[in-house]
file query-v7.cif (mmCIF, C-alpha atoms and all ligand atoms)
data_final
#
loop_
_atom_site.label_atom_id
_atom_site.label_comp_id
_atom_site.auth_asym_id
_atom_site.auth_seq_id
_atom_site.Cartn_x
_atom_site.Cartn_y
_atom_site.Cartn_z
CA MET R 138 133.40 100.08 42.13
CA THR R 139 133.28 102.48 39.23
CA ALA R 140 130.33 101.00 37.32
CA ALA R 141 127.73 103.61 36.52
CA VAL R 142 124.04 103.08 37.17
CA ARG R 143 122.70 102.18 33.73
CA ASN R 144 119.02 102.13 34.58
CA ASP R 145 116.89 103.33 37.39
CA PRO R 146 117.24 100.81 40.17
CA THR R 147 114.40 98.39 40.75
CA THR R 148 112.86 98.40 44.21
CA VAL R 149 111.13 95.36 45.68
CA ARG R 150 109.28 95.98 48.93
CA VAL R 151 109.18 93.22 51.53
CA ALA R 152 105.87 93.92 53.26
CA LEU R 153 106.08 92.92 56.91
CA ASP R 154 104.27 95.72 58.77
CA ALA R 155 106.73 97.51 61.03
CA ARG R 156 109.55 95.29 59.78
CA SER R 157 108.99 96.14 56.09
CA TYR R 158 112.02 97.04 54.00
CA ASP R 159 113.21 97.65 50.45
CA ILE R 160 115.45 95.52 48.29
CA VAL R 161 117.06 97.91 45.83
CA ILE R 162 118.57 96.27 42.76
CA GLY R 163 120.77 97.87 40.11
CA ARG R 164 124.22 98.08 38.57
CA GLY R 165 126.52 100.58 40.27
CA LEU R 166 124.19 101.18 43.23
CA LEU R 167 126.89 100.86 45.83
CA ALA R 168 127.77 104.56 45.57
CA SER R 169 124.33 105.38 46.98
CA LEU R 170 124.70 103.20 50.10
CA GLY R 171 125.65 106.11 52.37
CA THR R 172 122.78 108.38 51.36
CA ARG R 173 120.30 105.52 51.69
CA ILE R 174 121.54 104.61 55.17
CA ALA R 175 121.69 108.25 56.27
CA ALA R 176 118.06 108.67 55.16
CA LEU R 177 116.94 105.60 57.10
CA ARG R 178 119.00 106.08 60.27
CA PRO R 179 120.36 109.64 60.49
CA GLY R 180 123.52 109.83 62.59
CA ALA R 181 124.04 106.06 62.86
CA LYS R 182 127.58 104.62 62.93
CA THR R 183 128.26 101.36 61.09
CA VAL R 184 130.35 98.24 61.49
CA ILE R 185 130.97 96.44 58.21
CA VAL R 186 131.23 92.65 58.53
CA SER R 187 132.76 90.95 55.51
CA ASP R 188 134.98 88.05 54.49
CA GLU R 189 138.54 88.38 53.28
CA ASN R 190 137.75 87.53 49.62
CA VAL R 191 134.95 90.03 49.38
CA ALA R 192 136.86 92.69 51.31
CA LYS R 193 139.74 92.48 48.83
CA HIS R 194 137.41 93.41 45.96
CA HIS R 195 134.76 95.66 47.48
CA LEU R 196 135.47 96.92 51.00
CA THR R 197 137.21 100.13 49.96
CA ALA R 198 134.26 101.12 47.77
CA VAL R 199 131.79 100.44 50.59
CA GLU R 200 133.82 102.47 53.08
CA ALA R 201 134.08 105.32 50.56
CA ALA R 202 130.32 105.25 49.90
CA LEU R 203 129.64 105.52 53.63
CA SER R 204 132.22 108.12 54.55
CA LYS R 205 131.08 110.32 51.64
CA SER R 206 127.81 110.65 53.56
CA GLY R 207 129.63 111.36 56.83
CA ILE R 208 128.93 107.87 58.24
CA ALA R 209 131.61 106.54 60.60
CA THR R 210 132.68 102.97 59.80
CA SER R 211 134.72 100.22 61.33
CA ARG R 212 135.27 96.74 59.94
CA VAL R 213 135.36 93.12 61.07
CA LEU R 214 136.71 90.53 58.62
CA VAL R 215 136.22 86.78 58.87
CA PRO R 216 137.80 83.98 56.83
CA PRO R 217 135.78 83.00 53.74
CA GLY R 218 133.70 79.85 53.84
CA GLU R 219 131.00 78.02 55.78
CA ALA R 220 133.41 77.42 58.69
CA SER R 221 132.89 81.06 59.67
CA LYS R 222 129.28 80.27 60.66
CA SER R 223 130.68 78.84 63.90
CA TYR R 224 130.30 79.71 67.60
CA ARG R 225 133.96 80.72 67.66
CA VAL R 226 133.76 83.21 64.80
CA PHE R 227 130.36 84.40 66.02
CA GLU R 228 131.94 85.22 69.39
CA GLN R 229 134.86 87.00 67.73
CA VAL R 230 132.53 89.12 65.62
CA CYS R 231 130.32 89.97 68.62
CA GLU R 232 133.31 91.04 70.68
CA ALA R 233 134.77 93.09 67.83
CA VAL R 234 131.46 94.87 67.23
CA ILE R 235 131.09 95.65 70.95
CA ALA R 236 134.69 96.88 71.03
CA SER R 237 133.89 99.28 68.21
CA ARG R 238 131.51 101.05 70.65
CA ILE R 239 128.41 100.40 68.65
CA GLU R 240 125.27 101.76 70.31
CA ARG R 241 121.71 100.53 70.22
CA ASN R 242 120.77 102.75 67.25
CA ASP R 243 123.88 102.05 65.16
CA LEU R 244 124.05 99.56 62.29
CA ILE R 245 125.77 96.44 61.08
CA VAL R 246 126.44 96.21 57.34
CA ALA R 247 126.76 92.65 56.06
CA LEU R 248 128.96 92.78 52.94
CA GLY R 249 129.25 89.33 51.41
CA GLY R 250 127.54 86.14 50.40
CA GLY R 251 125.19 84.00 52.43
CA VAL R 252 127.84 83.11 54.97
CA VAL R 253 128.51 86.72 55.93
CA GLY R 254 124.81 87.63 55.74
CA ASP R 255 123.74 84.77 58.00
CA LEU R 256 126.57 85.38 60.49
CA ALA R 257 126.37 89.18 60.62
CA GLY R 258 122.57 89.02 60.68
CA PHE R 259 122.63 86.71 63.69
CA VAL R 260 125.15 88.97 65.43
CA ALA R 261 122.77 91.88 64.76
CA ALA R 262 119.81 89.85 66.05
CA VAL R 263 121.35 89.26 69.46
CA LEU R 264 123.80 92.10 70.19
CA ARG R 265 122.24 94.60 72.55
CA ARG R 266 119.06 92.53 72.12
CA GLY R 267 118.84 93.50 68.48
CA LEU R 268 120.70 95.93 66.24
CA ASP R 269 119.52 97.05 62.83
CA PHE R 270 121.42 95.70 59.88
CA VAL R 271 121.78 96.23 56.16
CA GLN R 272 122.52 93.49 53.65
CA VAL R 273 124.89 94.22 50.79
CA PRO R 274 124.88 90.84 49.01
CA THR R 275 127.88 89.96 46.84
CA THR R 276 126.88 86.53 45.51
CA LEU R 277 123.95 85.69 43.26
CA LEU R 278 122.68 83.30 45.94
CA ALA R 279 122.69 86.11 48.49
CA ASP R 280 121.00 88.52 46.05
CA VAL R 281 118.05 86.24 45.43
CA ASP R 282 117.85 84.14 48.55
CA SER R 283 119.85 84.52 51.75
CA SER R 284 119.72 88.32 52.07
CA VAL R 285 115.92 88.33 51.71
CA GLY R 286 113.53 87.06 54.34
CA GLY R 287 115.27 87.52 57.66
CA LYS R 288 116.59 84.05 58.42
CA THR R 289 119.94 84.36 60.19
CA ALA R 290 122.00 81.55 61.69
CA ILE R 291 125.24 79.84 62.53
CA ASP R 292 125.94 76.10 62.41
CA SER R 293 125.97 73.52 65.21
CA ALA R 294 127.98 70.31 65.35
CA HIS R 295 124.55 68.66 64.91
CA GLY R 296 123.72 70.42 61.67
CA LYS R 297 123.68 73.58 59.65
CA ASN R 298 121.72 76.70 60.63
CA LEU R 299 120.51 75.20 63.92
CA VAL R 300 121.35 78.27 66.00
CA GLY R 301 119.68 81.35 64.67
CA ALA R 302 116.92 83.91 64.71
CA PHE R 303 114.46 85.63 62.45
CA HIS R 304 115.79 89.15 62.09
CA GLN R 305 114.86 91.27 59.09
CA PRO R 306 117.33 93.78 57.61
CA ILE R 307 116.24 97.40 57.23
CA LEU R 308 117.58 97.56 53.66
CA VAL R 309 119.02 95.20 51.06
CA LEU R 310 121.22 96.91 48.50
CA ALA R 311 121.91 94.53 45.61
CA ASP R 312 124.48 96.07 43.29
CA THR R 313 124.67 93.60 40.42
CA ALA R 314 128.15 94.84 39.48
CA LEU R 315 129.51 93.26 42.68
CA LEU R 316 128.90 89.88 41.02
CA ASP R 317 131.44 90.66 38.30
CA THR R 318 134.24 89.46 40.60
CA LEU R 319 132.40 86.29 41.69
CA PRO R 320 133.95 83.01 40.44
CA GLU R 321 131.79 81.57 37.64
CA ARG R 322 131.15 78.35 39.54
CA GLU R 323 129.66 80.35 42.44
CA PHE R 324 127.52 82.40 40.06
CA ARG R 325 126.22 79.27 38.39
CA ALA R 326 125.41 77.68 41.75
CA GLY R 327 123.41 80.78 42.72
CA TYR R 328 121.58 80.55 39.41
CA ALA R 329 120.02 77.28 40.58
CA GLU R 330 118.05 79.32 43.14
CA VAL R 331 116.98 81.77 40.39
CA ALA R 332 115.70 78.87 38.27
CA LYS R 333 113.97 77.56 41.40
CA TYR R 334 111.58 80.54 41.48
CA GLY R 335 110.46 79.77 37.93
CA LEU R 336 110.19 76.06 38.56
CA LEU R 337 108.22 76.43 41.79
CA GLY R 338 105.68 79.06 40.83
CA ASP R 339 106.27 81.04 37.66
CA ALA R 340 106.28 79.15 34.35
CA GLY R 341 106.52 82.43 32.42
CA PHE R 342 109.72 83.38 34.25
CA PHE R 343 111.15 79.91 33.63
CA ALA R 344 110.47 80.28 29.89
CA TRP R 345 112.13 83.71 30.02
CA LEU R 346 115.19 82.17 31.70
CA GLU R 347 115.39 79.46 29.04
CA ASN R 348 115.70 82.23 26.45
CA ASN R 349 117.77 84.77 28.38
CA TRP R 350 120.07 82.89 30.75
CA ARG R 351 123.18 83.79 28.77
CA GLU R 352 122.47 87.50 29.29
CA VAL R 353 121.86 86.85 32.99
CA PHE R 354 125.33 85.33 33.20
CA ALA R 355 126.84 88.13 31.11
CA GLY R 356 125.50 90.90 33.38
CA GLY R 357 123.42 93.88 32.31
CA PRO R 358 119.68 94.44 32.43
CA ALA R 359 118.77 90.73 32.11
CA ARG R 360 120.70 89.99 35.32
CA GLU R 361 118.89 92.77 37.15
CA HIS R 362 115.55 91.53 35.85
CA ALA R 363 116.24 87.94 36.97
CA ILE R 364 117.26 89.14 40.44
CA ALA R 365 114.23 91.42 40.74
CA VAL R 366 111.76 88.70 39.72
CA SER R 367 113.41 86.27 42.14
CA CYS R 368 113.31 88.76 45.01
CA ARG R 369 109.69 89.60 44.26
CA ALA R 370 108.80 85.92 44.37
CA LYS R 371 110.61 85.39 47.66
CA ALA R 372 109.26 88.63 49.16
CA ALA R 373 105.69 87.59 48.34
CA ILE R 374 106.11 84.21 49.97
CA VAL R 375 107.86 85.68 53.03
CA ALA R 376 105.14 88.33 53.40
CA ARG R 377 102.55 85.52 53.48
CA ASP R 378 104.48 83.29 55.85
CA GLU R 379 107.41 84.99 57.59
CA ARG R 380 108.14 82.15 60.01
CA GLU R 381 107.65 79.18 57.71
CA THR R 382 104.51 77.68 59.13
CA GLY R 383 103.07 77.07 55.66
CA ASP R 384 103.78 78.38 52.17
CA ARG R 385 107.38 79.41 52.80
CA ALA R 386 108.28 75.73 52.62
CA LEU R 387 107.73 75.96 48.84
CA LEU R 388 111.12 77.66 48.73
CA ASN R 389 112.55 74.29 49.72
CA LEU R 390 111.91 72.81 46.26
CA GLY R 391 114.89 70.53 45.61
CA HIS R 392 116.22 71.07 49.13
CA THR R 393 115.28 67.74 50.73
CA PHE R 394 117.28 65.73 48.21
CA GLY R 395 119.81 68.57 47.91
CA HIS R 396 120.57 68.84 51.64
CA ALA R 397 121.08 65.08 51.86
CA LEU R 398 123.61 65.24 49.00
CA GLU R 399 125.37 68.25 50.51
CA ALA R 400 125.60 66.53 53.88
CA ALA R 401 126.86 63.31 52.26
CA CYS R 402 129.65 65.41 50.69
CA GLY R 403 130.46 66.96 54.09
CA PHE R 404 129.36 70.46 52.93
CA SER R 405 132.63 70.65 51.03
CA ASP R 406 133.65 72.27 47.75
CA ARG R 407 132.88 68.96 46.07
CA LEU R 408 129.27 70.12 45.89
CA LEU R 409 128.21 73.73 46.39
CA HIS R 410 124.76 74.41 47.85
CA GLY R 411 123.26 75.57 44.55
CA GLU R 412 124.74 72.58 42.73
CA ALA R 413 123.12 70.26 45.28
CA ILE R 414 119.82 72.11 44.79
CA ALA R 415 120.06 71.71 41.01
CA ILE R 416 120.38 67.94 41.44
CA GLY R 417 117.65 68.06 44.10
CA MET R 418 115.23 69.90 41.81
CA ALA R 419 115.97 67.49 38.96
CA LEU R 420 115.22 64.60 41.34
CA ALA R 421 112.05 66.29 42.66
CA PHE R 422 110.76 66.72 39.09
CA GLU R 423 111.65 63.20 38.10
CA PHE R 424 110.17 61.74 41.29
CA SER R 425 106.95 63.71 40.75
CA ALA R 426 106.69 62.64 37.12
CA ARG R 427 107.95 59.08 37.10
CA ARG R 428 107.05 57.65 40.50
CA GLN R 429 104.08 59.76 41.53
CA GLY R 430 102.49 60.35 38.13
CA LEU R 431 101.86 63.97 39.13
CA ALA R 432 103.61 65.85 36.36
CA PRO R 433 104.17 65.26 32.65
CA MET R 434 107.56 63.67 31.97
CA ALA R 435 108.06 66.41 29.36
CA ASP R 436 108.08 69.02 32.16
CA ALA R 437 110.68 67.06 34.11
CA LYS R 438 112.83 66.80 30.97
CA ARG R 439 112.44 70.52 30.38
CA ALA R 440 113.46 71.45 33.95
CA ILE R 441 116.44 69.11 33.88
CA GLY R 442 117.38 70.20 30.36
CA HIS R 443 117.64 73.86 31.36
CA LEU R 444 119.69 73.21 34.49
CA ALA R 445 122.07 71.04 32.45
CA ALA R 446 122.24 73.66 29.67
CA VAL R 447 123.64 76.29 32.06
CA GLY R 448 126.24 73.78 33.24
CA LEU R 449 124.68 72.73 36.55
CA PRO R 450 124.86 69.10 37.70
CA THR R 451 121.50 67.29 37.53
CA ARG R 452 122.39 63.69 38.39
CA ILE R 453 123.90 62.13 41.49
CA LYS R 454 126.62 60.73 39.27
CA ASP R 455 127.62 64.29 38.31
CA ILE R 456 129.07 64.72 41.82
CA PRO R 457 132.83 64.15 41.56
CA GLY R 458 134.02 61.05 43.40
CA SER R 459 130.52 60.23 44.65
CA GLN R 460 130.18 56.87 46.38
CA LEU R 461 126.82 57.40 48.03
CA SER R 462 124.55 54.67 49.36
CA VAL R 463 120.77 54.60 49.58
CA ASP R 464 120.96 53.94 53.34
CA GLN R 465 123.15 56.98 53.91
CA LEU R 466 120.92 59.24 51.80
CA MET R 467 117.70 57.95 53.41
CA ASP R 468 119.20 58.52 56.89
CA LEU R 469 120.11 62.07 55.95
CA ILE R 470 116.65 62.75 54.46
CA ALA R 471 115.00 61.39 57.60
CA GLN R 472 117.19 63.63 59.81
CA ASP R 473 116.41 66.65 57.69
CA LYS R 474 112.69 66.12 57.46
CA LYS R 475 111.62 63.93 60.40
CA VAL R 476 109.68 60.94 59.16
CA LYS R 477 106.19 60.76 60.63
CA ARG R 478 104.78 57.20 60.50
CA GLY R 479 106.90 56.38 57.46
CA MET R 480 105.75 59.54 55.70
CA LEU R 481 107.95 62.41 54.54
CA THR R 482 107.14 66.00 53.63
CA PHE R 483 108.40 66.90 50.17
CA ILE R 484 107.92 69.75 47.74
CA LEU R 485 106.54 68.03 44.66
CA VAL R 486 105.44 69.44 41.30
CA ARG R 487 102.51 69.10 38.93
CA GLY R 488 104.62 70.69 36.20
CA VAL R 489 106.93 73.65 35.57
CA GLY R 490 105.78 76.48 37.85
CA GLN R 491 103.46 74.28 39.90
CA ALA R 492 105.11 73.18 43.13
CA PHE R 493 103.12 72.14 46.18
CA ILE R 494 103.77 70.82 49.67
CA GLU R 495 103.02 67.11 50.11
CA SER R 496 103.32 65.77 53.63
CA GLY R 497 102.29 62.21 52.82
CA VAL R 498 105.19 60.95 50.71
CA ASP R 499 105.87 57.30 51.49
CA ALA R 500 109.52 56.92 52.54
CA ARG R 501 109.58 53.51 50.81
CA GLU R 502 108.77 55.17 47.48
CA VAL R 503 111.63 57.58 47.97
CA ARG R 504 113.96 54.70 48.80
CA VAL R 505 113.04 52.82 45.62
CA PHE R 506 113.52 56.00 43.57
CA ILE R 507 116.95 56.76 45.06
CA SER R 508 118.05 53.13 44.57
CA GLU R 509 117.10 53.40 40.90
CA LYS R 510 119.02 56.65 40.56
CA LEU R 511 122.10 55.19 42.20
CA ALA R 512 121.88 52.12 39.93
CA GLU R 513 122.09 54.45 36.93
CA GLN R 514 125.61 55.44 38.02
P1 LIG J 601 129.56 82.32 50.52
O1 LIG J 601 129.06 83.44 51.32
O2 LIG J 601 130.44 81.34 51.16
O3 LIG J 601 130.29 82.88 49.21
C1 LIG J 601 130.86 81.99 48.29
C2 LIG J 601 132.33 82.28 48.02
O4 LIG J 601 132.42 83.41 47.17
C3 LIG J 601 133.15 82.64 49.25
O5 LIG J 601 134.44 82.11 49.09
C4 LIG J 601 133.21 84.15 49.22
O6 LIG J 601 134.35 84.66 49.86
C5 LIG J 601 133.26 84.42 47.75
N1 LIG J 601 132.68 85.69 47.31
C6 LIG J 601 131.50 86.21 47.72
N2 LIG J 601 131.22 87.30 47.02
C7 LIG J 601 132.24 87.49 46.15
C8 LIG J 601 132.50 88.45 45.15
N3 LIG J 601 131.62 89.42 44.83
N4 LIG J 601 133.67 88.36 44.47
C9 LIG J 601 134.53 87.36 44.73
N5 LIG J 601 134.32 86.40 45.65
C10 LIG J 601 133.19 86.47 46.35
O7 LIG J 601 128.37 81.45 49.87
P2 LIG J 601 126.89 81.78 49.39
O8 LIG J 601 126.59 80.72 48.39
O9 LIG J 601 126.69 83.19 49.06
O10 LIG J 601 126.03 81.50 50.71
C11 LIG J 601 125.91 80.22 51.28
C12 LIG J 601 125.36 80.36 52.66
O11 LIG J 601 124.07 80.97 52.59
C13 LIG J 601 125.17 79.05 53.40
O12 LIG J 601 125.74 79.16 54.68
C14 LIG J 601 123.66 78.89 53.51
O13 LIG J 601 123.27 78.22 54.67
C15 LIG J 601 123.21 80.33 53.52
N6 LIG J 601 121.84 80.54 53.07
C16 LIG J 601 121.01 81.26 53.87
C17 LIG J 601 119.70 81.50 53.49
C18 LIG J 601 118.82 82.34 54.36
O14 LIG J 601 117.62 82.45 54.08
N7 LIG J 601 119.35 82.99 55.37
C19 LIG J 601 119.22 81.03 52.27
C20 LIG J 601 120.09 80.30 51.46
C21 LIG J 601 121.40 80.07 51.87
ZN ZN J 602 118.91 76.99 48.81
#
call {"tool": "encode", "arguments": {"input": "query-v7.cif", "output": "structure tokens"}}
result
Amino acid sequence: MTAAVRNDPTTVRVALDARSYDIVIGRGLLASLGTRIAALRPGAKTVIVSDENVAKHHLTAVEAALSKSGIATSRVLVPPGEASKSYRVFEQVCEAVIASRIERNDLIVALGGGVVGDLAGFVAAVLRRGLDFVQVPTTLLADVDSSVGGKTAIDSAHGKNLVGAFHQPILVLADTALLDTLPEREFRAGYAEVAKYGLLGDAGFFAWLENNWREVFAGGPAREHAIAVSCRAKAAIVARDERETGDRALLNLGHTFGHALEAACGFSDRLLHGEAIAIGMALAFEFSARRQGLAPMADAKRAIGHLAAVGLPTRIKDIPGSQLSVDQLMDLIAQDKKVKRGMLTFILVRGVGQAFIESGVDAREVRVFISEKLAEQ
């Protein structure tokens, strides 16, 4: 990566006592990875875990940045895609890391999107009862979401992310230039999570995104700003509620509907996670406004209008080839959320920037709403 640092990097601190760490955000930051790691863990060796797509574009630069600071590296590559969050690949990565003679005070570097971050983070959480790790996110989703907050996991046959651990990184280095090689569809999907931070708790940021999203897509300072604001929002919530016993659930805005849609599509390329979340947030706003009378319809229209303007899907009928039934979606929502006496927990909204956790949503109301949405097809 030859991009020069255009501005001073932005640092967002995740405040978790002894597990606190910095997220450093900036264009061209990768060159400083070695000096930053050497300062944090002098003398540590590293194993870089990445996927084959990411490695093709960025592995050489990462290895150069580390060796420049005298840091020994080895590498473990996995196939791209969610299928790598499996027991089989997890075992392969563990064995490869052990074979590279990594010691208790050495480091794993996760270079990739959320798949690599979740997998490598979980390997770090359990190998030798816990190795330190550094996140170098390469997707927008990983920059603003998966690399921050310490959730690591692989998937079970029973569902996604069911086998995992909380394990915080010691550093997140978000070089926004790494996103220049990301396919546009992936970037746009990650943008849904950026918009989520505005929609859930920061109306000012949402208004800023409405005016500046084109610059965020184009790269440059607006992209860095959007990532920094998003990370700050997530860091604040994680600092309040690291293990999701309360407030952290706000981050699930759009995720109850979204997960059901993703699952109904078999977690395939038909619907990327962020695309599902865009539809889920549109549904959460509409449900809050139309069926629960909680939010002005104008706010729902505004939220949906922005997601649609950037090219994200906002309606169930936007999913290619979708033949979904209300029974299937209600079953998936119930599995995801556990119905208690006919009541579901949802993240609802009182308007743009005003999400809250509601644990008394009547499942029958949700069913009527989904039936109406499917009838609009
Ligand atoms: P991903 O890691 O699969 O990356 C998407 C695709 O882009 C892959 O094909 C990858 O090879 C490719 N790619 C990545 N970076 C690239 C780059 N710079 N240039 C070119 N290609 C690149 O997907 P994702 O959306 O980043 O992450 C999704 C995963 O994140 C899911 O498994 C989800 O469960 C997890 N997740 C975790 C958390 C958490 O808190 N831990 C939060 C949200 C999502
Ligand atoms: Zn998400």
call {"tool": "atom_distance", "arguments": {"input": "query-v7.cif", "atom1": "CA of Val186 (chain R)", "atom2": "CA of Val213 (chain R)"}}
result
4.9 Å
call {"tool": "residues_near_ligand", "arguments": {"input": "query-v7.cif", "ligand": "ligand LIG 601 (chain J)", "cutoff": "6 Å", "atoms": "all atoms listed in the file", "output": "list in words"}}
result
Asp188, Asn190, Val191, Pro217, Gly218, Glu219, Gly249, Gly250, Gly251, Val252, Val253, Asp255, Thr275, Thr276, Leu278, Ala279, Asp282, Ser283, Lys288, Thr289, Leu315, Leu316, Thr318 and Leu319 of chain R
call {"tool": "closest_residue", "arguments": {"input": "query-v7.cif", "among": "R:Leu449, R:Glu200, R:Lys205, R:Gly442", "to": "Phe324 (chain R)", "atoms": "all atoms listed in the file"}}
result
R:Leu449
call {"tool": "closest_atom_pairs", "arguments": {"input": "query-v7.cif", "of": "chain R", "to": "ligand ZN 602 (chain J)", "cutoff": "8 Å", "atoms": "only C-alpha atoms and all ligand atoms", "output": "CSV"}}
result
residue,atom,partner,partner_atom,distance
R:Leu278,CA,J:ZN602,ZN,7.9
R:Asp282,CA,J:ZN602,ZN,7.2
R:Glu330,CA,J:ZN602,ZN,6.2
R:Leu388,CA,J:ZN602,ZN,7.8
R:Asn389,CA,J:ZN602,ZN,7.0
R:His392,CA,J:ZN602,ZN,6.5
R:His410,CA,J:ZN602,ZN,6.5
R:Gly411,CA,J:ZN602,ZN,6.3
R:Ile414,CA,J:ZN602,ZN,6.4
call {"tool": "atom_distance", "arguments": {"input": "query-v7.cif", "atom1": "CA of Thr210 (chain R)", "atom2": "CA of Thr183 (chain R)"}}
result
4.9 Å
call {"tool": "residues_around", "arguments": {"input": "query-v7.cif", "residues": "Arg407 (chain R)", "least_positions_apart": "4", "cutoff": "12 Å", "atoms": "only C-alpha atoms", "output": "PDB file with C-alpha atoms, in the coordinates of the input"}}
result
ATOM      1  CA  ARG R 322     131.150  78.350  39.540  1.00  0.00           C
ATOM      2  CA  LEU R 398     123.610  65.240  49.000  1.00  0.00           C
ATOM      3  CA  GLU R 399     125.370  68.250  50.510  1.00  0.00           C
ATOM      4  CA  ALA R 400     125.600  66.530  53.880  1.00  0.00           C
ATOM      5  CA  ALA R 401     126.860  63.310  52.260  1.00  0.00           C
ATOM      6  CA  CYS R 402     129.650  65.410  50.690  1.00  0.00           C
ATOM      7  CA  GLY R 403     130.460  66.960  54.090  1.00  0.00           C
ATOM      8  CA  GLY R 411     123.260  75.570  44.550  1.00  0.00           C
ATOM      9  CA  GLU R 412     124.740  72.580  42.730  1.00  0.00           C
ATOM     10  CA  ALA R 413     123.120  70.260  45.280  1.00  0.00           C
ATOM     11  CA  PRO R 450     124.860  69.100  37.700  1.00  0.00           C
ATOM     12  CA  ASP R 455     127.620  64.290  38.310  1.00  0.00           C
ATOM     13  CA  ILE R 456     129.070  64.720  41.820  1.00  0.00           C
ATOM     14  CA  PRO R 457     132.830  64.150  41.560  1.00  0.00           C
ATOM     15  CA  GLY R 458     134.020  61.050  43.400  1.00  0.00           C
ATOM     16  CA  SER R 459     130.520  60.230  44.650  1.00  0.00           C
TER      17      SER R 459
END
call {"tool": "atom_distance", "arguments": {"input": "query-v7.cif", "atom1": "CA of Arg178 (chain R)", "atom2": "CA of Lys222 (chain R)"}}
result
27.8 Å
call {"tool": "decode", "arguments": {"input": "query-v7.cif", "residues": "region 196-208 of chain R", "atoms": "N, CA and C atoms", "output": "PDB file, in the first residue's frame"}}
result
ATOM      1  N   LEU R 196      -1.418  -8.503   1.774  1.00  0.00           N
ATOM      2  CA  LEU R 196      -0.538  -9.240   2.686  1.00  0.00           C
ATOM      3  C   LEU R 196       0.917  -8.779   2.593  1.00  0.00           C
ATOM      4  N   THR R 197       1.387  -8.552   1.374  1.00  0.00           N
ATOM      5  CA  THR R 197       2.789  -8.155   1.201  1.00  0.00           C
ATOM      6  C   THR R 197       3.074  -6.869   1.975  1.00  0.00           C
ATOM      7  N   ALA R 198       2.133  -5.919   1.877  1.00  0.00           N
ATOM      8  CA  ALA R 198       2.346  -4.628   2.570  1.00  0.00           C
ATOM      9  C   ALA R 198       2.370  -4.823   4.082  1.00  0.00           C
ATOM     10  N   VAL R 199       1.515  -5.721   4.585  1.00  0.00           N
ATOM     11  CA  VAL R 199       1.492  -5.958   6.036  1.00  0.00           C
ATOM     12  C   VAL R 199       2.810  -6.616   6.472  1.00  0.00           C
ATOM     13  N   GLU R 200       3.233  -7.604   5.711  1.00  0.00           N
ATOM     14  CA  GLU R 200       4.503  -8.272   6.072  1.00  0.00           C
ATOM     15  C   GLU R 200       5.663  -7.282   6.037  1.00  0.00           C
ATOM     16  N   ALA R 201       5.657  -6.394   5.029  1.00  0.00           N
ATOM     17  CA  ALA R 201       6.740  -5.401   4.929  1.00  0.00           C
ATOM     18  C   ALA R 201       6.696  -4.450   6.122  1.00  0.00           C
ATOM     19  N   ALA R 202       5.480  -4.032   6.502  1.00  0.00           N
ATOM     20  CA  ALA R 202       5.355  -3.086   7.632  1.00  0.00           C
ATOM     21  C   ALA R 202       5.874  -3.718   8.917  1.00  0.00           C
ATOM     22  N   LEU R 203       5.682  -5.030   9.062  1.00  0.00           N
ATOM     23  CA  LEU R 203       6.133  -5.691  10.290  1.00  0.00           C
ATOM     24  C   LEU R 203       7.642  -5.946  10.248  1.00  0.00           C
ATOM     25  N   SER R 204       8.118  -6.433   9.117  1.00  0.00           N
ATOM     26  CA  SER R 204       9.540  -6.806   9.096  1.00  0.00           C
ATOM     27  C   SER R 204      10.427  -5.566   9.168  1.00  0.00           C
ATOM     28  N   LYS R 205       9.920  -4.445   8.661  1.00  0.00           N
ATOM     29  CA  LYS R 205      10.645  -3.169   8.783  1.00  0.00           C
ATOM     30  C   LYS R 205      10.962  -2.844  10.251  1.00  0.00           C
ATOM     31  N   SER R 206      10.065  -3.291  11.143  1.00  0.00           N
ATOM     32  CA  SER R 206      10.305  -3.047  12.575  1.00  0.00           C
ATOM     33  C   SER R 206      10.945  -4.251  13.257  1.00  0.00           C
ATOM     34  N   GLY R 207      11.473  -5.170  12.436  1.00  0.00           N
ATOM     35  CA  GLY R 207      12.175  -6.328  12.999  1.00  0.00           C
ATOM     36  C   GLY R 207      11.242  -7.366  13.610  1.00  0.00           C
ATOM     37  N   ILE R 208       9.958  -7.357  13.217  1.00  0.00           N
ATOM     38  CA  ILE R 208       8.998  -8.309  13.787  1.00  0.00           C
ATOM     39  C   ILE R 208       8.905  -9.538  12.885  1.00  0.00           C
TER      40      ILE R 208
END
